[in-house]
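To be precise, the following lines are structure_24.csv, and they hold CSV, C-alpha atoms.
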```
chain,number,residue,atom,x,y,z
E,1,MET,CA,68.0,22.7,-86.0
E,2,LYS,CA,70.0,23.0,-89.2
E,3,ARG,CA,73.7,23.7,-89.1
E,4,SER,CA,73.1,26.7,-91.4
E,5,GLU,CA,71.2,28.3,-88.6
E,6,ILE,CA,74.2,28.4,-86.2
E,7,ARG,CA,75.1,32.0,-85.5
E,8,THR,CA,77.7,31.9,-82.6
E,9,LYS,CA,80.8,30.0,-81.4
E,10,PRO,CA,81.5,28.3,-79.1
E,11,LEU,CA,78.4,26.2,-79.4
E,12,ALA,CA,75.7,26.6,-76.8
E,13,GLU,CA,74.5,23.2,-75.4
E,14,ARG,CA,71.0,23.8,-76.6
E,15,VAL,CA,72.4,24.2,-80.1
E,16,VAL,CA,74.5,21.0,-79.8
E,17,ALA,CA,71.4,19.1,-78.6
E,18,ALA,CA,69.2,20.5,-81.4
E,19,LEU,CA,71.4,19.9,-84.4
E,20,GLU,CA,69.8,17.5,-86.8
E,21,PRO,CA,71.5,14.8,-88.9
E,22,GLU,CA,71.9,15.1,-92.7
E,23,ASP,CA,72.3,12.7,-95.6
E,24,LYS,CA,76.0,12.7,-94.9
E,25,ALA,CA,77.9,13.0,-91.6
E,26,TYR,CA,79.3,16.5,-91.0
E,27,ARG,CA,81.4,18.5,-88.5
E,28,VAL,CA,80.6,21.8,-86.9
E,29,SER,CA,83.4,24.0,-85.5
E,30,ASP,CA,83.2,24.9,-81.8
E,31,GLY,CA,86.4,27.0,-82.2
E,32,ALA,CA,90.1,26.4,-81.4
E,33,GLY,CA,90.3,23.2,-83.3
E,34,LEU,CA,87.3,21.5,-81.5
E,35,TYR,CA,84.5,20.1,-83.6
E,36,LEU,CA,81.2,18.4,-83.0
E,37,TYR,CA,80.8,15.4,-85.4
E,38,VAL,CA,77.1,14.6,-86.3
E,39,ARG,CA,76.5,11.3,-87.9
E,40,THR,CA,73.6,10.3,-90.1
E,41,ASP,CA,72.0,8.3,-87.3
E,42,ALA,CA,71.9,11.5,-85.1
E,43,THR,CA,74.7,10.4,-82.8
E,44,LYS,CA,77.2,13.0,-81.9
E,45,SER,CA,80.8,13.1,-80.7
E,46,TRP,CA,83.6,15.6,-80.1
E,47,GLU,CA,86.8,15.6,-82.1
E,48,LEU,CA,89.9,17.7,-82.0
E,49,ARG,CA,91.9,18.6,-85.1
E,50,TYR,CA,95.6,18.9,-84.3
E,51,ARG,CA,98.9,19.1,-86.0
E,52,LYS,CA,101.3,16.2,-85.3
E,53,PRO,CA,105.1,16.8,-84.8
E,54,ASP,CA,105.6,15.8,-88.5
E,55,GLY,CA,103.4,18.8,-89.5
E,56,LYS,CA,100.5,16.7,-90.7
E,57,TYR,CA,96.9,17.1,-89.3
E,58,SER,CA,95.0,14.4,-87.5
E,59,TRP,CA,91.7,13.9,-85.7
E,60,LEU,CA,91.4,12.7,-82.1
E,61,GLY,CA,88.1,11.7,-80.5
E,62,LEU,CA,87.3,13.4,-77.1
E,63,GLY,CA,84.1,11.6,-76.2
E,64,SER,CA,80.4,11.3,-77.2
E,65,TYR,CA,77.6,13.8,-76.5
E,66,PRO,CA,75.6,13.9,-74.3
E,67,GLU,CA,78.0,12.0,-72.0
E,68,VAL,CA,80.6,14.7,-72.6
E,69,LYS,CA,79.1,18.2,-72.3
E,70,PRO,CA,80.5,21.1,-74.4
E,71,LYS,CA,82.4,22.6,-71.4
E,72,GLU,CA,84.1,19.3,-70.6
E,73,ALA,CA,85.0,18.8,-74.3
E,74,ARG,CA,86.7,22.2,-74.4
E,75,GLN,CA,88.7,21.3,-71.3
E,76,ARG,CA,89.8,18.0,-72.8
E,77,ALA,CA,90.8,19.9,-76.0
E,78,THR,CA,92.9,22.3,-73.9
E,79,ASP,CA,94.6,19.5,-72.0
E,80,THR,CA,95.3,17.6,-75.2
E,81,LYS,CA,96.9,20.7,-76.9
E,82,ALA,CA,99.1,21.1,-73.9
E,83,LEU,CA,100.5,17.6,-74.4
E,84,ILE,CA,101.0,18.3,-78.1
E,85,ALA,CA,103.0,21.5,-77.1
E,86,LYS,CA,105.4,19.2,-75.1
E,87,GLY,CA,106.2,17.2,-78.2
E,88,THR,CA,104.1,14.2,-77.7
E,89,THR,CA,100.9,13.0,-79.3
E,90,PRO,CA,97.8,12.0,-77.4
E,91,ARG,CA,98.1,8.4,-78.5
E,92,GLN,CA,101.7,8.3,-77.4
E,93,HIS,CA,100.7,9.8,-74.0
E,94,LYS,CA,98.0,7.3,-73.6
E,95,LYS,CA,100.4,4.4,-74.4
E,96,ALA,CA,102.9,5.8,-71.9
E,97,GLN,CA,100.2,5.9,-69.2
E,98,GLU,CA,99.3,2.3,-70.0
E,99,GLN,CA,102.9,1.3,-69.7
E,100,GLN,CA,103.3,3.1,-66.4
E,101,ALA,CA,100.2,1.4,-65.1
E,102,GLN,CA,101.6,-2.0,-66.2
E,103,THR,CA,104.9,-1.2,-64.5
E,104,ALA,CA,103.2,-0.1,-61.3
E,105,SER,CA,101.2,-3.3,-61.2
E,106,ARG,CA,104.5,-5.2,-61.3
E,107,GLU,CA,106.2,-2.9,-58.7
E,108,THR,CA,104.7,-4.6,-55.7
E,109,VAL,CA,106.0,-5.2,-52.2
E,110,ALA,CA,106.2,-9.0,-53.0
E,111,ALA,CA,108.3,-8.3,-56.1
E,112,LEU,CA,110.6,-6.0,-54.2
E,113,MET,CA,111.1,-8.5,-51.4
E,114,ASP,CA,112.0,-11.1,-54.0
E,115,GLU,CA,114.7,-8.8,-55.3
E,116,TRP,CA,115.9,-8.2,-51.7
E,117,HIS,CA,116.1,-12.0,-51.1
E,118,GLU,CA,118.1,-12.5,-54.2
E,119,MET,CA,120.5,-9.7,-53.3
E,120,LYS,CA,121.0,-11.0,-49.7
E,121,ALA,CA,121.5,-14.6,-50.8
E,122,LYS,CA,124.9,-13.4,-52.2
E,123,SER,CA,126.2,-12.1,-48.9
E,124,VAL,CA,124.3,-13.7,-46.0
E,125,ASP,CA,124.5,-17.1,-44.4
E,126,ALA,CA,121.8,-19.3,-46.0
E,127,ASN,CA,120.4,-20.6,-42.7
E,128,SER,CA,120.0,-17.1,-41.2
E,129,LEU,CA,118.4,-15.8,-44.4
E,130,ARG,CA,116.0,-18.7,-44.5
E,131,LYS,CA,114.7,-17.9,-41.1
E,132,VAL,CA,114.1,-14.3,-42.0
E,133,TRP,CA,112.5,-15.2,-45.3
E,134,LEU,CA,110.1,-17.6,-43.6
E,135,SER,CA,108.9,-14.7,-41.3
E,136,ILE,CA,108.5,-12.5,-44.4
E,137,GLN,CA,106.5,-15.1,-46.2
E,138,ARG,CA,104.3,-15.8,-43.1
E,139,HIS,CA,103.7,-12.2,-41.9
E,140,LEU,CA,104.6,-9.6,-44.5
E,141,ILE,CA,103.6,-10.9,-47.9
E,142,PRO,CA,100.0,-11.9,-47.0
E,143,ALA,CA,99.5,-8.4,-45.4
E,144,MET,CA,100.9,-6.2,-48.2
E,145,GLY,CA,102.6,-8.3,-50.9
E,146,ASN,CA,100.2,-7.3,-53.6
E,147,GLU,CA,100.3,-3.6,-52.7
E,148,PRO,CA,102.1,-1.3,-55.3
E,149,LEU,CA,105.2,0.4,-53.9
E,150,SER,CA,103.6,3.8,-54.7
E,151,ARG,CA,100.8,3.1,-52.1
E,152,ILE,CA,103.1,2.3,-49.2
E,153,GLN,CA,103.2,5.3,-47.0
E,154,PRO,CA,104.7,5.8,-43.5
E,155,ALA,CA,101.3,5.7,-41.9
E,156,TYR,CA,100.5,2.4,-43.5
E,157,ILE,CA,103.9,1.0,-42.3
E,158,LEU,CA,103.3,2.2,-38.7
E,159,GLU,CA,99.8,0.6,-38.7
E,160,TYR,CA,101.3,-2.7,-39.9
E,161,PHE,CA,104.1,-2.9,-37.3
E,162,ARG,CA,101.7,-2.0,-34.5
E,163,LYS,CA,99.6,-5.0,-35.5
E,164,LEU,CA,102.7,-7.2,-35.2
E,165,GLU,CA,103.5,-5.5,-31.9
E,166,ALA,CA,100.0,-6.4,-30.6
E,167,LEU,CA,100.8,-10.1,-31.4
E,168,GLY,CA,103.9,-9.9,-29.1
E,169,ILE,CA,106.3,-11.1,-31.8
E,170,HIS,CA,108.8,-8.3,-31.3
E,171,ALA,CA,111.9,-10.2,-32.4
E,172,THR,CA,110.2,-11.3,-35.6
E,173,SER,CA,108.8,-7.8,-36.2
E,174,ALA,CA,112.3,-6.3,-35.9
E,175,LYS,CA,113.7,-8.8,-38.4
E,176,ILE,CA,110.9,-8.0,-40.9
E,177,ARG,CA,111.3,-4.2,-40.3
E,178,ARG,CA,115.1,-4.3,-41.0
E,179,ALA,CA,114.5,-6.4,-44.2
E,180,LEU,CA,111.7,-4.1,-45.4
E,181,ALA,CA,113.8,-1.0,-44.7
E,182,GLU,CA,116.7,-2.4,-46.7
E,183,ALA,CA,114.4,-3.3,-49.6
E,184,PHE,CA,112.9,0.2,-49.8
E,185,ASP,CA,116.4,1.7,-49.5
E,186,MET,CA,117.2,-0.3,-52.6
E,187,ALA,CA,114.1,1.0,-54.4
E,188,ALA,CA,114.7,4.6,-53.3
E,189,PHE,CA,118.3,4.7,-54.6
E,190,ALA,CA,117.0,3.3,-57.9
E,191,GLY,CA,114.5,6.1,-58.2
E,192,ARG,CA,111.5,3.7,-58.0
E,193,VAL,CA,110.1,5.4,-54.9
E,194,PRO,CA,110.7,9.0,-53.8
E,195,SER,CA,111.7,8.0,-50.2
E,196,ASN,CA,111.8,5.1,-47.8
E,197,PRO,CA,108.6,4.9,-45.9
E,198,VAL,CA,110.0,2.4,-43.3
E,199,ARG,CA,112.9,4.5,-42.0
E,200,GLY,CA,112.2,5.9,-38.6
E,201,VAL,CA,109.1,3.8,-37.8
E,202,GLU,CA,111.1,2.0,-35.0
E,203,ARG,CA,110.8,5.2,-32.9
E,204,PHE,CA,107.0,4.8,-32.7
E,205,ILE,CA,106.7,1.1,-31.9
E,206,GLU,CA,107.8,-0.9,-28.8
E,207,ALA,CA,111.1,-2.7,-29.2
E,208,GLY,CA,110.0,-5.6,-27.0
E,209,LYS,CA,112.3,-8.2,-25.7
E,210,GLY,CA,113.1,-10.8,-28.3
E,211,SER,CA,112.6,-14.3,-26.9
E,212,ASN,CA,114.9,-15.7,-29.6
E,213,TYR,CA,117.8,-14.1,-27.7
E,214,ALA,CA,116.7,-14.7,-24.1
E,215,HIS,CA,119.6,-14.9,-21.7
E,216,VAL,CA,120.1,-15.0,-17.9
E,217,ALA,CA,121.4,-12.1,-15.9
E,218,GLN,CA,125.1,-12.1,-15.1
E,219,GLN,CA,124.5,-13.1,-11.4
E,220,ASP,CA,122.7,-16.2,-12.7
E,221,VAL,CA,125.5,-17.4,-15.0
E,222,PRO,CA,127.3,-19.6,-12.5
E,223,ALA,CA,124.2,-21.7,-11.8
E,224,LEU,CA,123.5,-22.0,-15.5
E,225,MET,CA,127.1,-23.2,-16.2
E,226,ARG,CA,126.9,-25.8,-13.5
E,227,ALA,CA,123.5,-27.0,-14.7
E,228,ILE,CA,124.9,-27.3,-18.3
E,229,ASN,CA,127.9,-29.3,-17.1
E,230,GLN,CA,125.7,-31.8,-15.4
E,231,TYR,CA,123.3,-32.2,-18.3
E,232,PRO,CA,122.8,-36.0,-18.4
E,233,ARG,CA,121.0,-36.8,-21.6
E,234,SER,CA,123.6,-36.3,-24.4
E,235,PRO,CA,127.4,-35.7,-24.1
E,236,GLN,CA,127.3,-34.1,-27.5
E,237,VAL,CA,124.7,-31.5,-26.6
E,238,ARG,CA,126.4,-30.8,-23.3
E,239,ILE,CA,129.7,-30.1,-25.1
E,240,THR,CA,127.8,-27.9,-27.6
E,241,MET,CA,126.3,-25.7,-24.9
E,242,LEU,CA,129.7,-25.4,-23.1
E,243,LEU,CA,131.4,-24.3,-26.4
E,244,LEU,CA,128.7,-21.8,-27.0
E,245,ALA,CA,129.3,-20.3,-23.6
E,246,LEU,CA,133.0,-20.3,-23.9
E,247,ASN,CA,133.3,-18.8,-27.4
E,248,GLY,CA,130.3,-16.7,-28.1
E,249,CYS,CA,129.9,-18.3,-31.6
E,250,ARG,CA,126.6,-18.4,-33.4
E,251,PRO,CA,124.7,-21.7,-32.8
E,252,GLY,CA,124.3,-22.5,-36.5
E,253,GLU,CA,128.0,-22.0,-37.2
E,254,LEU,CA,128.9,-24.4,-34.4
E,255,ARG,CA,126.3,-27.1,-35.2
E,256,GLN,CA,127.4,-27.2,-38.8
E,257,ALA,CA,131.1,-27.2,-38.1
E,258,ALA,CA,133.4,-29.7,-39.8
E,259,TRP,CA,136.5,-31.3,-38.3
E,260,SER,CA,138.5,-29.9,-41.2
E,261,GLU,CA,138.0,-26.4,-39.8
E,262,PHE,CA,139.8,-27.1,-36.6
E,263,ASP,CA,143.5,-27.0,-35.7
E,264,LEU,CA,143.4,-28.4,-32.2
E,265,ASP,CA,147.1,-28.5,-31.8
E,266,ASN,CA,147.3,-24.8,-32.2
E,267,GLY,CA,143.9,-24.0,-30.7
E,268,LEU,CA,142.3,-22.5,-33.8
E,269,TRP,CA,138.9,-22.7,-35.5
E,270,ASP,CA,139.0,-21.4,-39.1
E,271,LEU,CA,135.4,-20.8,-40.2
E,272,PRO,CA,135.0,-20.5,-44.0
E,273,ALA,CA,133.2,-17.4,-45.3
E,274,GLU,CA,130.4,-19.5,-46.9
E,275,ARG,CA,129.3,-20.7,-43.5
E,276,THR,CA,129.3,-17.4,-41.6
E,277,LYS,CA,126.4,-14.9,-41.3
E,278,LYS,CA,128.4,-12.0,-42.8
E,279,ARG,CA,130.1,-14.2,-45.4
E,280,ARG,CA,133.5,-13.3,-43.9
E,281,ALA,CA,136.1,-16.0,-43.0
E,282,ILE,CA,136.7,-16.0,-39.2
E,283,LEU,CA,139.8,-17.3,-37.4
E,284,MET,CA,138.7,-18.0,-33.9
E,285,PRO,CA,141.3,-18.7,-31.1
E,286,LEU,CA,140.3,-21.5,-28.7
E,287,ALA,CA,141.0,-21.6,-25.0
E,288,PRO,CA,142.5,-24.9,-23.8
E,289,GLN,CA,139.2,-25.8,-22.2
E,290,SER,CA,137.5,-25.6,-25.6
E,291,VAL,CA,140.2,-27.8,-27.1
E,292,VAL,CA,139.6,-30.4,-24.4
E,293,LEU,CA,135.9,-30.4,-25.1
E,294,LEU,CA,136.5,-30.9,-28.8
E,295,ARG,CA,138.9,-33.7,-28.2
E,296,GLU,CA,136.2,-35.4,-26.1
E,297,GLN,CA,133.7,-34.9,-28.9
E,298,ARG,CA,136.1,-36.4,-31.4
E,299,GLN,CA,135.9,-39.7,-29.5
E,300,HIS,CA,132.2,-39.7,-30.4
E,301,SER,CA,132.2,-38.3,-34.0
E,302,GLY,CA,135.8,-38.3,-35.2
E,303,SER,CA,134.9,-40.8,-38.0
E,304,PHE,CA,132.4,-38.4,-39.5
E,305,ASN,CA,132.9,-35.1,-41.4
E,306,LEU,CA,130.7,-33.1,-39.0
E,307,VAL,CA,131.8,-32.4,-35.5
E,308,PHE,CA,128.2,-32.5,-34.2
E,309,PRO,CA,126.3,-35.0,-36.5
E,310,ASN,CA,122.6,-35.7,-36.5
E,311,ARG,CA,121.9,-38.9,-34.5
E,312,ASN,CA,119.7,-40.2,-37.3
E,313,ASP,CA,121.8,-39.2,-40.2
E,314,PRO,CA,125.5,-38.3,-39.5
E,315,ARG,CA,125.7,-36.6,-42.9
E,316,LYS,CA,123.5,-33.9,-41.5
E,317,PRO,CA,124.2,-31.6,-38.6
E,318,MET,CA,122.6,-31.9,-35.1
E,319,SER,CA,119.1,-30.5,-34.9
E,320,ASN,CA,118.8,-26.8,-34.3
E,321,MET,CA,116.3,-27.6,-31.6
E,322,ALA,CA,118.7,-29.8,-29.6
E,323,VAL,CA,120.2,-27.0,-27.5
E,324,GLY,CA,116.8,-25.4,-26.8
E,325,LYS,CA,115.4,-28.7,-25.6
E,326,ALA,CA,118.4,-29.3,-23.4
E,327,LEU,CA,118.0,-25.8,-21.8
E,328,GLU,CA,114.4,-26.5,-21.3
E,329,HIS,CA,115.2,-29.8,-19.6
E,330,ILE,CA,117.5,-28.2,-17.1
E,331,GLY,CA,114.9,-25.5,-16.2
E,332,TYR,CA,115.9,-22.6,-18.4
E,333,ALA,CA,113.0,-22.6,-20.9
E,334,GLY,CA,112.3,-19.0,-21.9
E,335,ARG,CA,115.3,-17.8,-19.8
E,336,GLN,CA,118.2,-18.9,-22.0
E,337,THR,CA,118.7,-19.7,-25.7
E,338,GLY,CA,121.7,-20.8,-27.7
E,339,HIS,CA,122.1,-17.4,-29.2
E,340,GLY,CA,121.7,-15.8,-25.8
E,341,PHE,CA,125.2,-17.1,-24.8
E,342,ARG,CA,126.6,-14.4,-27.2
E,343,HIS,CA,124.9,-11.8,-25.0
E,344,ILE,CA,126.3,-13.2,-21.8
E,345,LEU,CA,129.8,-13.2,-23.3
E,346,SER,CA,129.5,-9.7,-24.7
E,347,THR,CA,128.2,-8.3,-21.4
E,348,ALA,CA,130.8,-10.0,-19.3
E,349,LEU,CA,133.7,-9.0,-21.4
E,350,ASN,CA,132.6,-5.4,-21.8
E,351,GLU,CA,132.0,-5.1,-18.0
E,352,ARG,CA,135.6,-6.3,-17.5
E,353,GLY,CA,137.0,-3.5,-19.6
E,354,TYR,CA,138.3,-5.5,-22.6
E,355,ASN,CA,139.0,-3.7,-25.9
E,356,ALA,CA,135.7,-3.3,-27.7
E,357,ASP,CA,137.2,-4.1,-31.0
E,358,HIS,CA,138.5,-7.4,-29.7
E,359,ILE,CA,135.1,-8.3,-28.3
E,360,GLU,CA,133.3,-7.4,-31.6
E,361,ALA,CA,135.8,-9.3,-33.6
E,362,GLN,CA,135.3,-12.4,-31.3
E,363,LEU,CA,131.5,-12.1,-31.9
E,364,ALA,CA,132.1,-11.6,-35.6
E,365,HIS,CA,130.2,-8.4,-35.7
E,366,VAL,CA,130.7,-5.8,-38.4
E,367,THR,CA,130.6,-2.3,-37.0
E,368,GLY,CA,132.1,1.1,-37.7
E,369,ASN,CA,134.5,0.6,-34.7
E,370,ILE,CA,136.2,-2.4,-36.1
E,371,ARG,CA,139.3,-1.3,-38.0
E,372,SER,CA,140.5,-4.7,-39.3
E,373,THR,CA,139.3,-8.1,-40.5
E,374,TYR,CA,138.8,-10.9,-38.0
E,375,ASN,CA,142.0,-12.7,-39.0
E,376,LYS,CA,144.8,-10.1,-38.5
E,377,ALA,CA,147.3,-11.1,-35.9
E,378,ILE,CA,146.7,-7.8,-34.1
E,379,TYR,CA,143.4,-9.2,-33.0
E,380,LEU,CA,144.2,-12.9,-32.7
E,381,GLU,CA,146.6,-13.0,-29.7
E,382,PRO,CA,144.7,-10.4,-27.6
E,383,ARG,CA,141.5,-12.4,-28.2
E,384,ARG,CA,143.3,-15.6,-27.2
E,385,LEU,CA,144.2,-14.1,-23.9
E,386,MET,CA,140.7,-12.6,-23.4
E,387,MET,CA,139.0,-15.9,-24.2
E,388,GLN,CA,141.4,-17.8,-22.0
E,389,ALA,CA,140.6,-15.6,-19.0
E,390,TRP,CA,136.8,-16.0,-19.7
E,391,ALA,CA,137.2,-19.8,-19.9
E,392,ASP,CA,139.1,-19.9,-16.6
E,393,GLU,CA,136.2,-18.0,-15.0
E,394,VAL,CA,133.5,-20.2,-16.5
E,395,TYR,CA,135.2,-23.3,-15.2
E,396,GLY,CA,135.7,-21.6,-11.8
E,397,MET,CA,131.9,-21.2,-11.8
E,398,ILE,CA,131.4,-24.8,-12.7
E,399,ASP,CA,133.7,-25.9,-9.8
E,400,GLY,CA,131.9,-23.6,-7.5
E,401,ALA,CA,135.1,-21.6,-6.8
E,402,SER,CA,134.0,-18.4,-8.6
E,403,LYS,CA,131.1,-16.1,-9.0
E,404,VAL,CA,130.7,-13.5,-11.7
E,405,VAL,CA,132.4,-10.8,-9.8
E,406,GLY,CA,134.8,-9.6,-12.5
E,407,PHE,CA,138.5,-9.6,-13.0
E,408,LYS,CA,141.0,-7.1,-14.3
E,409,ALA,CA,141.2,-7.0,-18.1
E,410,ARG,CA,144.5,-8.2,-19.5
E,411,GLY,CA,144.1,-7.2,-23.1
```

Take the structure in this file and express it as structure tokens.
Amino acid sequence: MKRSEIRTKPLAERVVAALEPEDKAYRVSDGAGLYLYVRTDATKSWELRYRKPDGKYSWLGLGSYPEVKPKEARQRATDTKALIAKGTTPRQHKKAQEQQAQTASRETVAALMDEWHEMKAKSVDANSLRKVWLSIQRHLIPAMGNEPLSRIQPAYILEYFRKLEALGIHATSAKIRRALAEAFDMAAFAGRVPSNPVRGVERFIEAGKGSNYAHVAQQDVPALMRAINQYPRSPQVRITMLLLALNGCRPGELRQAAWSEFDLDNGLWDLPAERTKKRRAILMPLAPQSVVLLREQRQHSGSFNLVFPNRNDPRKPMSNMAVGKALEHIGYAGRQTGHGFRHILSTALNERGYNADHIEAQLAHVTGNIRSTYNKAIYLEPRRLMMQAWADEVYGMIDGASKVVGFKARG
């Protein structure tokens, strides 16, 4: 069919198929700026003539025929003109789409968690962060590290945490969930995701009982204290366990303590901010019983910088497994952990009616109920009295003269 024989527009497909090549390539109008371009070798393609923002005309290819039928070519032309009406050119739009695709490929869960890790490193104790990061690297990154943020939906998150739930690693799952929720909060506030897909998922999974914080019931505390006091293998580990029970401090903070942090004459432990989980300096009052234990320990390690040095290299702290092994040796494997002493202390003091702010300050928690820093005098002396009363009761348990039956709060 010759182009001179065309009678109507837009072009019927039978006309497009029948058009013959000529000595020179030519264009045939389909209407509304859309043209069929016929080459000398009989190949055909669709082109759109459009005006650029600078007022000049240009051509844009919309695909080859017969791959792109006339109806589809017209739709492409309509879509392209809509872009032009918004002030962009098709080439600019294509480039923007490619850039968005490249950005999306970089916006992965793994990249987001790296940002989270960098942020937390500025405010969280390095040892605590290391443990969480190891769990993230072991469980989260292999499962969804390469997934773009845009593909992470609540249903996907729920399925993932139910898989962790099935493994029985509830404490690890909770740590990962909190970290992932914080990371997506960061992305949501930056406008990188429309909302946080992790928030609320905890309502639909089992909380479980974290074995990392296992602790005995209050009625079993006296027997535990007596067993600890009779621990035969290492005076250093025995003292460590007793100090954890008396003070409710975090095991890592005690293991890494230096003698320079203690004022034994005044019964004070001044933890520097860089060694605490919340990166806040803590001034902790010590009961006389704690001071006696530390003076005993000084006979063993007073020539070293660390209070509880590693037996193989005194420049390093005691192994983080030492307390766990000792508790296992005295029959408390799976029932009591070093961190679990904090739960025992918190429960006992709350049951005895002590001021909740004083208890939270002693445990170095940061909650909306705490109205001051850990170091203000308004907290120090009441905490000293509170911890003295607890120490008296603990040693009453050890002597067999007391059970955990409670006493009247004095502060």

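Residues lying within 9 Å of Ser319 of chain E, counting all atoms listed in the file and ignoring same-chain neighbours fewer than 4 positions away, are E:Arg255, E:Pro309, E:Asn310, E:Arg311, E:Val323.
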
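Nearest to Asp114 of chain E of all the residues E:Ala126, E:Ala179, E:Leu345, E:Leu224 is E:Ala179, counting only C-alpha atoms.
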
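Residue nearest Val292 of chain E within the list E:Val216, E:Ala391, E:Leu363, E:Leu164: E:Ala391 [criterion: smallest interatomic distance, all atoms listed in the file].
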
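You can rank E:Arg275, E:Met119, E:Arg177, E:Val198 by their closest distance to Ala155 of chain E using all atoms listed in the file, and at the top of that list sits E:Val198.
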
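The nearest approach to Pro232 of chain E among the residues E:Gln256, E:Ala187, E:Arg162, E:Ala326, with all atoms listed in the file taken into account, belongs to E:Ala326.
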
Please provide as number ranges by chain all residues within 12 Å of segment 12-28 of chain E, with the sequence filter that same-chain residues fewer than 5 positions apart are discarded (counting all atoms listed in the file). E: 1-7, 33-49, 59, 64-73

So that I can see what lies close to Pro154 of chain E, please list as a PDB file with C-alpha atoms, in the frame of the given file the residues with an atom at most 12 Å from it, counting all atoms listed in the file and leaving out residues fewer than 4 positions away in the same chain.
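Saved to selection03.pdb:
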```pdb
ATOM      1  CA  LEU E 149     105.200   0.400 -53.900  1.00  0.00           C
ATOM      2  CA  SER E 150     103.600   3.800 -54.700  1.00  0.00           C
ATOM      3  CA  LEU E 158     103.300   2.200 -38.700  1.00  0.00           C
ATOM      4  CA  GLU E 159      99.800   0.600 -38.700  1.00  0.00           C
ATOM      5  CA  TYR E 160     101.300  -2.700 -39.900  1.00  0.00           C
ATOM      6  CA  PHE E 161     104.100  -2.900 -37.300  1.00  0.00           C
ATOM      7  CA  ALA E 181     113.800  -1.000 -44.700  1.00  0.00           C
ATOM      8  CA  PHE E 184     112.900   0.200 -49.800  1.00  0.00           C
ATOM      9  CA  SER E 195     111.700   8.000 -50.200  1.00  0.00           C
ATOM     10  CA  ASN E 196     111.800   5.100 -47.800  1.00  0.00           C
ATOM     11  CA  PRO E 197     108.600   4.900 -45.900  1.00  0.00           C
ATOM     12  CA  VAL E 198     110.000   2.400 -43.300  1.00  0.00           C
ATOM     13  CA  ARG E 199     112.900   4.500 -42.000  1.00  0.00           C
ATOM     14  CA  GLY E 200     112.200   5.900 -38.600  1.00  0.00           C
ATOM     15  CA  VAL E 201     109.100   3.800 -37.800  1.00  0.00           C
ATOM     16  CA  GLU E 202     111.100   2.000 -35.000  1.00  0.00           C
ATOM     17  CA  PHE E 204     107.000   4.800 -32.700  1.00  0.00           C
TER      18      PHE E 204
END
```

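Checking E:Trp390, E:Pro317, E:Leu327, E:Leu283 one by one against Asn350 of chain E, counting only C-alpha atoms, you find the shortest gap at E:Trp390.
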
Residue nearest Gly338 of chain E - candidates E:Asn320, E:Asn355, E:Ser58, E:Ser135, atoms counted: all atoms listed in the file: E:Asn320

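Atom CA of Leu246 of chain E to atom CA of Arg279 of chain E spans 22.5 Å [interatomic distance, one decimal].
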
Within 9 Å of Arg384 of chain E, counting only C-alpha atoms, which residues qualify if same-chain residues fewer than 4 places away don't, as a PyMOL selection string? chain E and resi 284-287+379-380+388-389

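Atom CA of Ala258 of chain E lies 4.4 Å from atom CA of Leu306 of chain E.
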
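Atom CA of Ile205 of chain E is found 23.4 Å from atom CA of Ala110 of chain E.
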
Dig up all the protein and nucleic acid residues within 12 Å of (109.8, -12.0, -44.4) in the file frame, using only C-alpha atoms, and format them as a ChimeraX atom specification. /E:109-110,112-114,116-117,128-145,172-181,183
